[in-house]
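Visitor: Supplied structure: entry-v3.csv, CSV, N, CA and C atoms.
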```
chain,number,residue,atom,x,y,z
A,250,VAL,N,129.9,109.2,24.5
A,250,VAL,CA,129.2,110.5,24.4
A,250,VAL,C,129.9,111.5,25.2
A,251,CYS,N,130.2,112.7,24.7
A,251,CYS,CA,130.8,113.7,25.5
A,251,CYS,C,129.7,114.7,25.9
A,252,ARG,N,129.5,114.8,27.2
A,252,ARG,CA,128.5,115.7,27.7
A,252,ARG,C,129.0,117.1,28.0
A,253,GLY,N,128.1,118.1,28.0
A,253,GLY,CA,128.5,119.5,28.2
A,253,GLY,C,129.3,119.7,29.5
A,254,GLU,N,129.0,118.9,30.5
A,254,GLU,CA,129.6,119.2,31.8
A,254,GLU,C,131.0,118.6,31.9
A,255,ASP,N,131.5,117.8,30.9
A,255,ASP,CA,132.8,117.3,30.9
A,255,ASP,C,133.8,118.4,30.6
A,256,LYS,N,134.9,118.4,31.5
A,256,LYS,CA,135.8,119.6,31.4
A,256,LYS,C,137.2,119.1,31.8
A,257,VAL,N,138.2,119.6,31.1
A,257,VAL,CA,139.6,119.4,31.4
A,257,VAL,C,140.3,120.7,31.8
A,258,MET,N,141.1,120.7,32.9
A,258,MET,CA,141.7,121.9,33.3
A,258,MET,C,143.2,121.7,33.5
A,259,GLN,N,144.0,122.6,32.9
A,259,GLN,CA,145.4,122.6,33.1
A,259,GLN,C,145.8,124.0,33.5
A,260,PRO,N,146.8,124.1,34.4
A,260,PRO,CA,147.3,125.5,34.8
A,260,PRO,C,147.8,126.2,33.6
A,261,PRO,N,147.5,127.5,33.5
A,261,PRO,CA,147.9,128.3,32.3
A,261,PRO,C,149.3,128.6,32.1
A,262,GLU,N,150.1,128.6,33.3
A,262,GLU,CA,151.5,129.0,33.2
A,262,GLU,C,152.4,128.0,32.6
A,263,ASP,N,153.5,128.5,31.9
A,263,ASP,CA,154.5,127.6,31.4
A,263,ASP,C,155.3,127.0,32.5
A,264,VAL,N,155.8,125.8,32.2
A,264,VAL,CA,156.7,125.1,33.1
A,264,VAL,C,158.2,125.3,32.5
A,265,VAL,N,159.0,125.9,33.4
A,265,VAL,CA,160.4,126.1,33.0
A,265,VAL,C,161.3,125.2,33.8
A,266,ALA,N,162.1,124.4,33.1
A,266,ALA,CA,163.0,123.4,33.8
A,266,ALA,C,164.3,123.2,33.0
A,267,ALA,N,165.3,122.6,33.6
A,267,ALA,CA,166.5,122.4,33.0
A,267,ALA,C,166.6,121.0,32.4
A,268,GLU,N,167.6,120.8,31.5
A,268,GLU,CA,167.8,119.4,30.9
A,268,GLU,C,168.2,118.5,32.1
A,269,GLY,N,167.6,117.3,32.1
A,269,GLY,CA,167.9,116.3,33.1
A,269,GLY,C,166.9,116.3,34.3
A,270,ASP,N,166.2,117.4,34.4
A,270,ASP,CA,165.2,117.5,35.4
A,270,ASP,C,164.0,116.6,35.2
A,271,THR,N,163.2,116.4,36.3
A,271,THR,CA,161.9,115.7,36.2
A,271,THR,C,160.8,116.8,36.4
A,272,VAL,N,159.8,116.8,35.5
A,272,VAL,CA,158.7,117.8,35.7
A,272,VAL,C,157.4,117.0,35.7
A,273,LYS,N,156.4,117.7,36.3
A,273,LYS,CA,155.1,117.1,36.4
A,273,LYS,C,154.1,118.2,35.8
A,274,LEU,N,153.4,117.8,34.8
A,274,LEU,CA,152.4,118.7,34.2
A,274,LEU,C,151.0,118.3,34.7
A,275,ASP,N,150.4,119.2,35.4
A,275,ASP,CA,149.1,118.9,36.0
A,275,ASP,C,147.9,118.9,35.1
A,276,CYS,N,147.0,118.0,35.4
A,276,CYS,CA,145.7,117.9,34.6
A,276,CYS,C,144.7,117.4,35.5
A,277,THR,N,143.6,118.2,35.7
A,277,THR,CA,142.5,117.8,36.4
A,277,THR,C,141.2,117.8,35.5
A,278,PHE,N,140.2,117.1,35.9
A,278,PHE,CA,139.1,117.0,35.0
A,278,PHE,C,137.8,116.8,35.8
A,279,GLN,N,136.7,117.2,35.1
A,279,GLN,CA,135.3,117.0,35.6
A,279,GLN,C,134.6,116.2,34.6
A,280,THR,N,133.9,115.1,35.1
A,280,THR,CA,133.1,114.3,34.1
A,280,THR,C,132.1,113.5,34.9
A,281,THR,N,131.0,113.2,34.3
A,281,THR,CA,130.0,112.3,34.9
A,281,THR,C,130.3,110.9,34.5
A,282,ASP,N,131.3,110.7,33.7
A,282,ASP,CA,131.7,109.3,33.3
A,282,ASP,C,132.3,108.6,34.5
A,283,THR,N,131.8,107.4,34.8
A,283,THR,CA,132.3,106.6,35.9
A,283,THR,C,133.6,106.0,35.6
A,284,ASN,N,133.9,105.8,34.3
A,284,ASN,CA,135.2,105.3,33.9
A,284,ASN,C,135.9,106.2,32.9
A,285,PRO,N,136.4,107.3,33.5
A,285,PRO,CA,137.1,108.3,32.6
A,285,PRO,C,138.3,107.8,31.9
A,286,TYR,N,138.5,108.2,30.6
A,286,TYR,CA,139.6,107.8,29.8
A,286,TYR,C,140.3,109.1,29.4
A,287,LEU,N,141.6,109.2,29.8
A,287,LEU,CA,142.3,110.4,29.6
A,287,LEU,C,143.5,110.2,28.7
A,288,PHE,N,143.7,111.2,27.9
A,288,PHE,CA,144.8,111.2,26.9
A,288,PHE,C,145.8,112.4,27.1
A,289,TRP,N,147.0,112.1,26.8
A,289,TRP,CA,148.0,113.2,26.7
A,289,TRP,C,148.6,113.3,25.3
A,290,TYR,N,148.8,114.5,24.8
A,290,TYR,CA,149.4,114.7,23.5
A,290,TYR,C,150.5,115.8,23.6
A,291,LYS,N,151.4,115.7,22.7
A,291,LYS,CA,152.5,116.6,22.6
A,291,LYS,C,152.4,117.3,21.2
A,292,GLN,N,152.5,118.7,21.3
A,292,GLN,CA,152.5,119.4,20.0
A,292,GLN,C,153.8,120.3,19.9
A,293,ASP,N,154.6,120.0,19.0
A,293,ASP,CA,155.9,120.7,18.8
A,293,ASP,C,155.8,121.6,17.6
A,294,GLY,N,155.9,122.9,17.8
A,294,GLY,CA,155.9,123.8,16.7
A,294,GLY,C,154.6,123.8,16.0
A,295,THR,N,154.6,123.7,14.6
A,295,THR,CA,153.4,123.7,13.8
A,295,THR,C,152.9,122.3,13.5
A,296,SER,N,153.6,121.3,14.0
A,296,SER,CA,153.2,119.9,13.6
A,296,SER,C,151.9,119.5,14.4
A,297,ARG,N,151.2,118.5,13.9
A,297,ARG,CA,149.9,118.1,14.6
A,297,ARG,C,150.2,117.5,15.9
A,298,PRO,N,149.3,117.5,16.8
A,298,PRO,CA,149.5,116.8,18.1
A,298,PRO,C,149.9,115.4,18.0
A,299,GLN,N,150.8,114.9,18.8
A,299,GLN,CA,151.3,113.6,18.8
A,299,GLN,C,150.8,112.8,20.1
A,300,PHE,N,150.2,111.7,19.9
A,300,PHE,CA,149.7,110.9,21.0
A,300,PHE,C,150.9,110.4,21.9
A,301,ILE,N,150.8,110.7,23.2
A,301,ILE,CA,151.8,110.2,24.1
A,301,ILE,C,151.3,108.9,24.8
A,302,LEU,N,150.2,109.1,25.5
A,302,LEU,CA,149.7,108.0,26.3
A,302,LEU,C,148.2,108.2,26.6
A,303,SER,N,147.6,107.1,27.0
A,303,SER,CA,146.2,107.2,27.5
A,303,SER,C,146.1,106.4,28.8
A,304,ARG,N,145.2,106.8,29.7
A,304,ARG,CA,145.0,106.2,31.0
A,304,ARG,C,143.5,106.0,31.2
A,305,VAL,N,143.2,104.8,31.6
A,305,VAL,CA,141.8,104.5,31.9
A,305,VAL,C,141.5,104.3,33.4
A,306,LYS,N,142.5,103.7,34.1
A,306,LYS,CA,142.4,103.5,35.6
A,306,LYS,C,143.8,103.3,36.1
A,307,GLY,N,144.2,104.2,37.1
A,307,GLY,CA,145.5,104.0,37.6
A,307,GLY,C,146.5,104.2,36.5
A,308,ASP,N,147.5,103.3,36.4
A,308,ASP,CA,148.5,103.4,35.3
A,308,ASP,C,148.2,102.5,34.2
A,309,LYS,N,146.9,102.0,34.1
A,309,LYS,CA,146.5,101.1,33.0
A,309,LYS,C,146.2,102.0,31.8
A,310,GLY,N,146.6,101.5,30.6
A,310,GLY,CA,146.4,102.2,29.4
A,310,GLY,C,147.5,102.0,28.4
A,311,LYS,N,147.7,102.8,27.5
A,311,LYS,CA,148.7,102.6,26.4
A,311,LYS,C,149.6,103.8,26.4
A,312,THR,N,150.9,103.5,26.2
A,312,THR,CA,151.9,104.5,26.0
A,312,THR,C,152.7,104.2,24.8
A,313,GLU,N,152.8,105.2,23.9
A,313,GLU,CA,153.6,105.0,22.7
A,313,GLU,C,155.0,104.6,23.0
A,314,ASP,N,155.6,103.8,22.2
A,314,ASP,CA,156.9,103.2,22.4
A,314,ASP,C,158.0,104.3,22.7
A,315,GLU,N,158.0,105.4,21.8
A,315,GLU,CA,159.0,106.4,22.0
A,315,GLU,C,159.0,107.2,23.3
A,316,PHE,N,157.8,107.1,24.0
A,316,PHE,CA,157.6,107.8,25.2
A,316,PHE,C,157.7,106.9,26.5
A,317,LYS,N,157.8,105.6,26.3
A,317,LYS,CA,157.7,104.7,27.4
A,317,LYS,C,158.8,104.9,28.5
A,318,GLU,N,160.0,105.2,28.1
A,318,GLU,CA,161.1,105.3,29.0
A,318,GLU,C,161.0,106.5,30.0
A,319,ARG,N,160.5,107.6,29.5
A,319,ARG,CA,160.6,108.8,30.3
A,319,ARG,C,159.3,109.5,30.7
A,320,PHE,N,158.2,109.1,30.0
A,320,PHE,CA,156.9,109.7,30.2
A,320,PHE,C,155.9,108.7,31.0
A,321,SER,N,155.2,109.2,32.0
A,321,SER,CA,154.3,108.4,32.7
A,321,SER,C,153.2,109.2,33.3
A,322,SER,N,152.1,108.5,33.6
A,322,SER,CA,150.9,109.2,34.2
A,322,SER,C,150.1,108.1,34.9
A,323,THR,N,149.5,108.6,36.0
A,323,THR,CA,148.6,107.8,36.8
A,323,THR,C,147.2,108.5,36.9
A,324,LEU,N,146.2,107.9,36.5
A,324,LEU,CA,144.9,108.5,36.6
A,324,LEU,C,144.3,108.2,38.0
A,325,ASN,N,144.0,109.3,38.7
A,325,ASN,CA,143.4,109.2,40.1
A,325,ASN,C,141.9,109.6,39.9
A,326,SER,N,141.0,108.6,39.9
A,326,SER,CA,139.6,108.9,39.8
A,326,SER,C,139.0,109.6,40.9
A,327,THR,N,139.6,109.4,42.1
A,327,THR,CA,139.1,110.1,43.3
A,327,THR,C,139.4,111.6,43.3
A,328,MET,N,140.7,111.9,43.0
A,328,MET,CA,141.1,113.3,42.9
A,328,MET,C,140.8,113.9,41.5
A,329,LYS,N,140.4,113.1,40.6
A,329,LYS,CA,140.1,113.5,39.2
A,329,LYS,C,141.3,114.2,38.6
A,330,SER,N,142.4,113.5,38.7
A,330,SER,CA,143.6,114.1,38.1
A,330,SER,C,144.4,113.0,37.4
A,331,ALA,N,145.3,113.5,36.5
A,331,ALA,CA,146.1,112.6,35.7
A,331,ALA,C,147.4,113.4,35.3
A,332,PRO,N,148.2,113.7,36.2
A,332,PRO,CA,149.4,114.5,35.8
A,332,PRO,C,150.4,113.7,34.9
A,333,LEU,N,151.1,114.4,34.0
A,333,LEU,CA,152.0,113.8,33.2
A,333,LEU,C,153.4,114.0,33.8
A,334,LYS,N,154.2,113.0,34.0
A,334,LYS,CA,155.5,113.1,34.5
A,334,LYS,C,156.5,112.8,33.4
A,335,ILE,N,157.5,113.8,33.2
A,335,ILE,CA,158.5,113.6,32.2
A,335,ILE,C,159.8,113.6,33.0
A,336,GLN,N,160.6,112.5,32.8
A,336,GLN,CA,161.9,112.4,33.5
A,336,GLN,C,163.0,112.6,32.6
A,337,GLU,N,164.2,113.0,33.2
A,337,GLU,CA,165.4,113.3,32.4
A,337,GLU,C,165.1,114.1,31.2
A,338,LEU,N,164.6,115.3,31.5
A,338,LEU,CA,164.2,116.3,30.4
A,338,LEU,C,165.3,116.4,29.3
A,339,GLN,N,164.8,116.5,28.1
A,339,GLN,CA,165.7,116.8,27.0
A,339,GLN,C,165.1,118.0,26.3
A,340,LEU,N,166.0,118.7,25.5
A,340,LEU,CA,165.6,119.9,24.8
A,340,LEU,C,164.4,119.6,23.9
A,341,SER,N,164.4,118.4,23.3
A,341,SER,CA,163.3,118.1,22.4
A,341,SER,C,162.0,117.9,23.1
A,342,ASP,N,161.9,118.0,24.4
A,342,ASP,CA,160.7,117.9,25.1
A,342,ASP,C,160.0,119.2,25.2
A,343,SER,N,160.6,120.3,24.8
A,343,SER,CA,160.0,121.6,24.7
A,343,SER,C,158.9,121.6,23.7
A,344,ALA,N,157.6,121.8,24.3
A,344,ALA,CA,156.5,121.7,23.4
A,344,ALA,C,155.2,122.1,24.2
A,345,VAL,N,154.1,122.1,23.5
A,345,VAL,CA,152.8,122.3,24.2
A,345,VAL,C,152.2,120.9,24.5
A,346,TYR,N,151.8,120.6,25.7
A,346,TYR,CA,151.2,119.4,26.1
A,346,TYR,C,149.7,119.5,26.4
A,347,TYR,N,148.9,118.7,25.7
A,347,TYR,CA,147.5,118.7,25.8
A,347,TYR,C,147.0,117.5,26.6
A,348,CYS,N,146.1,117.8,27.5
A,348,CYS,CA,145.4,116.7,28.3
A,348,CYS,C,144.0,116.7,27.8
A,349,ALA,N,143.4,115.6,27.5
A,349,ALA,CA,142.0,115.5,27.0
A,349,ALA,C,141.3,114.3,27.5
A,350,LEU,N,140.0,114.4,27.6
A,350,LEU,CA,139.1,113.3,28.0
A,350,LEU,C,138.6,112.7,26.7
A,351,ARG,N,138.2,111.4,26.8
A,351,ARG,CA,137.6,110.7,25.7
A,351,ARG,C,136.1,111.2,25.6
A,352,PRO,N,135.5,111.4,24.5
A,352,PRO,CA,136.2,111.6,23.2
A,352,PRO,C,136.9,112.9,23.1
A,353,THR,N,138.0,113.0,22.3
A,353,THR,CA,138.8,114.2,22.3
A,353,THR,C,138.1,115.2,21.4
A,354,VAL,N,137.4,116.1,22.1
A,354,VAL,CA,136.8,117.2,21.4
A,354,VAL,C,137.5,118.5,21.7
A,355,THR,N,137.8,118.8,22.9
A,355,THR,CA,138.6,120.0,23.3
A,355,THR,C,139.5,119.6,24.4
A,356,GLY,N,140.5,120.4,24.6
A,356,GLY,CA,141.5,120.2,25.7
A,356,GLY,C,142.2,121.5,25.9
A,357,SER,N,142.6,121.8,27.1
A,357,SER,CA,143.4,123.0,27.3
A,357,SER,C,144.9,122.6,27.2
A,358,SER,N,145.7,123.6,27.1
A,358,SER,CA,147.1,123.4,26.8
A,358,SER,C,148.0,123.9,27.9
A,359,ARG,N,149.2,123.3,28.0
A,359,ARG,CA,150.2,123.8,28.9
A,359,ARG,C,151.6,123.5,28.2
A,360,SER,N,152.4,124.5,28.2
A,360,SER,CA,153.7,124.2,27.5
A,360,SER,C,154.9,124.1,28.5
A,361,ALA,N,155.9,123.3,28.1
A,361,ALA,CA,157.0,123.1,29.0
A,361,ALA,C,158.2,123.7,28.2
A,362,HIS,N,159.1,124.5,28.8
A,362,HIS,CA,160.3,125.0,28.1
A,362,HIS,C,161.5,124.6,28.8
```
Would you write the structure of this file as structure tokens?
Guide:
Amino acid sequence: VCRGEDKVMQPPEDVVAAEGDTVKLDCTFQTTDTNPYLFWYKQDGTSRPQFILSRVKGDKGKTEDEFKERFSSTLNSTMKSAPLKIQELQLSDSAVYYCALRPTVTGSSRSAH
């Protein structure tokens, strides 16, 4: 059940980086759920959001095969954060990245260029 007080926050500014760099996209959340489940999605252009990974505790969760090498996240329940780290940036990583709590009803966006 998604309650009204559940909230996901991402900084509004774009992240600008060079190919080969490592970037961290911040995501913090508020929830009364004692076991928060967090998701990251990538949306490129007009295509639908693509699932990257989910985290339930620490680095436990699922990561899609195509993202396993360079994308990672650790859910910190104390800090209520789950930043997405992208290593060895490629041009194809330029997209809008969404962080969302389970169930995925709404999420704020942040783009990386």
Visitor: Under the rule of at most 10 Å, produce a per-residue listing of stretch 261-287 of chain A near stretch 307-331 of chain A: chain, number, name, the closest pair of atoms, and the distance in Å, as CSV, using only C-alpha atoms.
Guide:
```
residue,atom,partner,partner_atom,distance
A:Thr271,CA,A:Arg319,CA,9.2
A:Val272,CA,A:Phe320,CA,10.0
A:Lys273,CA,A:Ser322,CA,9.2
A:Leu274,CA,A:Ala331,CA,8.9
A:Asp275,CA,A:Ala331,CA,7.0
A:Cys276,CA,A:Ala331,CA,5.4
A:Thr277,CA,A:Ser330,CA,4.2
A:Phe278,CA,A:Lys329,CA,5.6
A:Gln279,CA,A:Lys329,CA,6.9
A:Thr280,CA,A:Lys329,CA,8.7
A:Thr283,CA,A:Ser326,CA,8.6
A:Asn284,CA,A:Ser326,CA,8.2
A:Pro285,CA,A:Ser326,CA,7.6
A:Tyr286,CA,A:Leu324,CA,8.6
A:Leu287,CA,A:Ala331,CA,7.5
```
Visitor: Residues at most 8 Å from A:Gly269, counting all atoms listed in the file, excluding those fewer than 3 positions away in the same chain, as a list in words?
Guide: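 The residues that qualify are Ala266, Val272, Ile335, Gln336, Glu337, Leu338, Gln339 and Leu340 of chain A.
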Visitor: Compare A:Met258, A:Leu333, A:Val305, A:Val265 by their minimum atom-to-atom distance to A:Arg351, counting only C-alpha atoms, and give me the closest one.
Guide: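 Looking at the shortest contact to A:Arg351, the residue is A:Val305.
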Visitor: Quote the spacing between atom CA of A:Leu302 and atom N of A:Tyr346 in Å to one decimal place.
Guide: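 Computing the Euclidean distance for atom CA of A:Leu302 and atom N of A:Tyr346 yields 12.8 Å.
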Visitor: To one decimal place in Å, what is the distance between atom C of A:Gln292 and atom C of A:Lys306?
Guide: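 Between atom C of A:Gln292 and atom C of A:Lys306 the gap works out to 25.5 Å.
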Visitor: Of the candidates A:Asp270, A:Pro298, A:Pro332, A:Trp289, which shows the shortest atom-to-atom distance to A:Ala349, using only C-alpha atoms?
Guide: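 With only C-alpha atoms as the atom set, the closest residue is A:Trp289.
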Visitor: For a test of reading the model, state the distance in Å between atom N of A:Val345 and atom C of A:Asp282, rounded to one decimal.
Guide: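 A separation of 27.9 Å between them.
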Visitor: May I ask which of the residues A:Ser296, A:Lys334, A:Leu350, A:Ser303 is the closest one to A:Lys256, counting all atoms listed in the file?
Guide: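 Between A:Ser296, A:Lys334, A:Leu350, A:Ser303, the residue approaching A:Lys256 most closely is A:Leu350.
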Visitor: Taking the DSSP assignment computed from this structure's backbone, write out as a PDB file with N, CA and C atoms, keeping the file's coordinate frame all residues of stretch 299-347 of chain A that belong to helix (DSSP H, G or I).
Guide:
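File written: selection06.pdb
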```pdb
ATOM      1  N   ASP A 314     155.600 103.800  22.200  1.00  0.00           N
ATOM      2  CA  ASP A 314     156.900 103.200  22.400  1.00  0.00           C
ATOM      3  C   ASP A 314     158.000 104.300  22.700  1.00  0.00           C
ATOM      4  N   GLU A 315     158.000 105.400  21.800  1.00  0.00           N
ATOM      5  CA  GLU A 315     159.000 106.400  22.000  1.00  0.00           C
ATOM      6  C   GLU A 315     159.000 107.200  23.300  1.00  0.00           C
ATOM      7  N   PHE A 316     157.800 107.100  24.000  1.00  0.00           N
ATOM      8  CA  PHE A 316     157.600 107.800  25.200  1.00  0.00           C
ATOM      9  C   PHE A 316     157.700 106.900  26.500  1.00  0.00           C
ATOM     10  N   LEU A 340     166.000 118.700  25.500  1.00  0.00           N
ATOM     11  CA  LEU A 340     165.600 119.900  24.800  1.00  0.00           C
ATOM     12  C   LEU A 340     164.400 119.600  23.900  1.00  0.00           C
ATOM     13  N   SER A 341     164.400 118.400  23.300  1.00  0.00           N
ATOM     14  CA  SER A 341     163.300 118.100  22.400  1.00  0.00           C
ATOM     15  C   SER A 341     162.000 117.900  23.100  1.00  0.00           C
ATOM     16  N   ASP A 342     161.900 118.000  24.400  1.00  0.00           N
ATOM     17  CA  ASP A 342     160.700 117.900  25.100  1.00  0.00           C
ATOM     18  C   ASP A 342     160.000 119.200  25.200  1.00  0.00           C
TER      19      ASP A 342
END
```
Visitor: What parts of chain A does DSSP call strand (DSSP E)? I'd like the answer as a PyMOL selection string.
Guide: chain A and resi 256-258+272-274+277-279+287-292+299-306+309-312+320-322+333-335+344-350+358-361
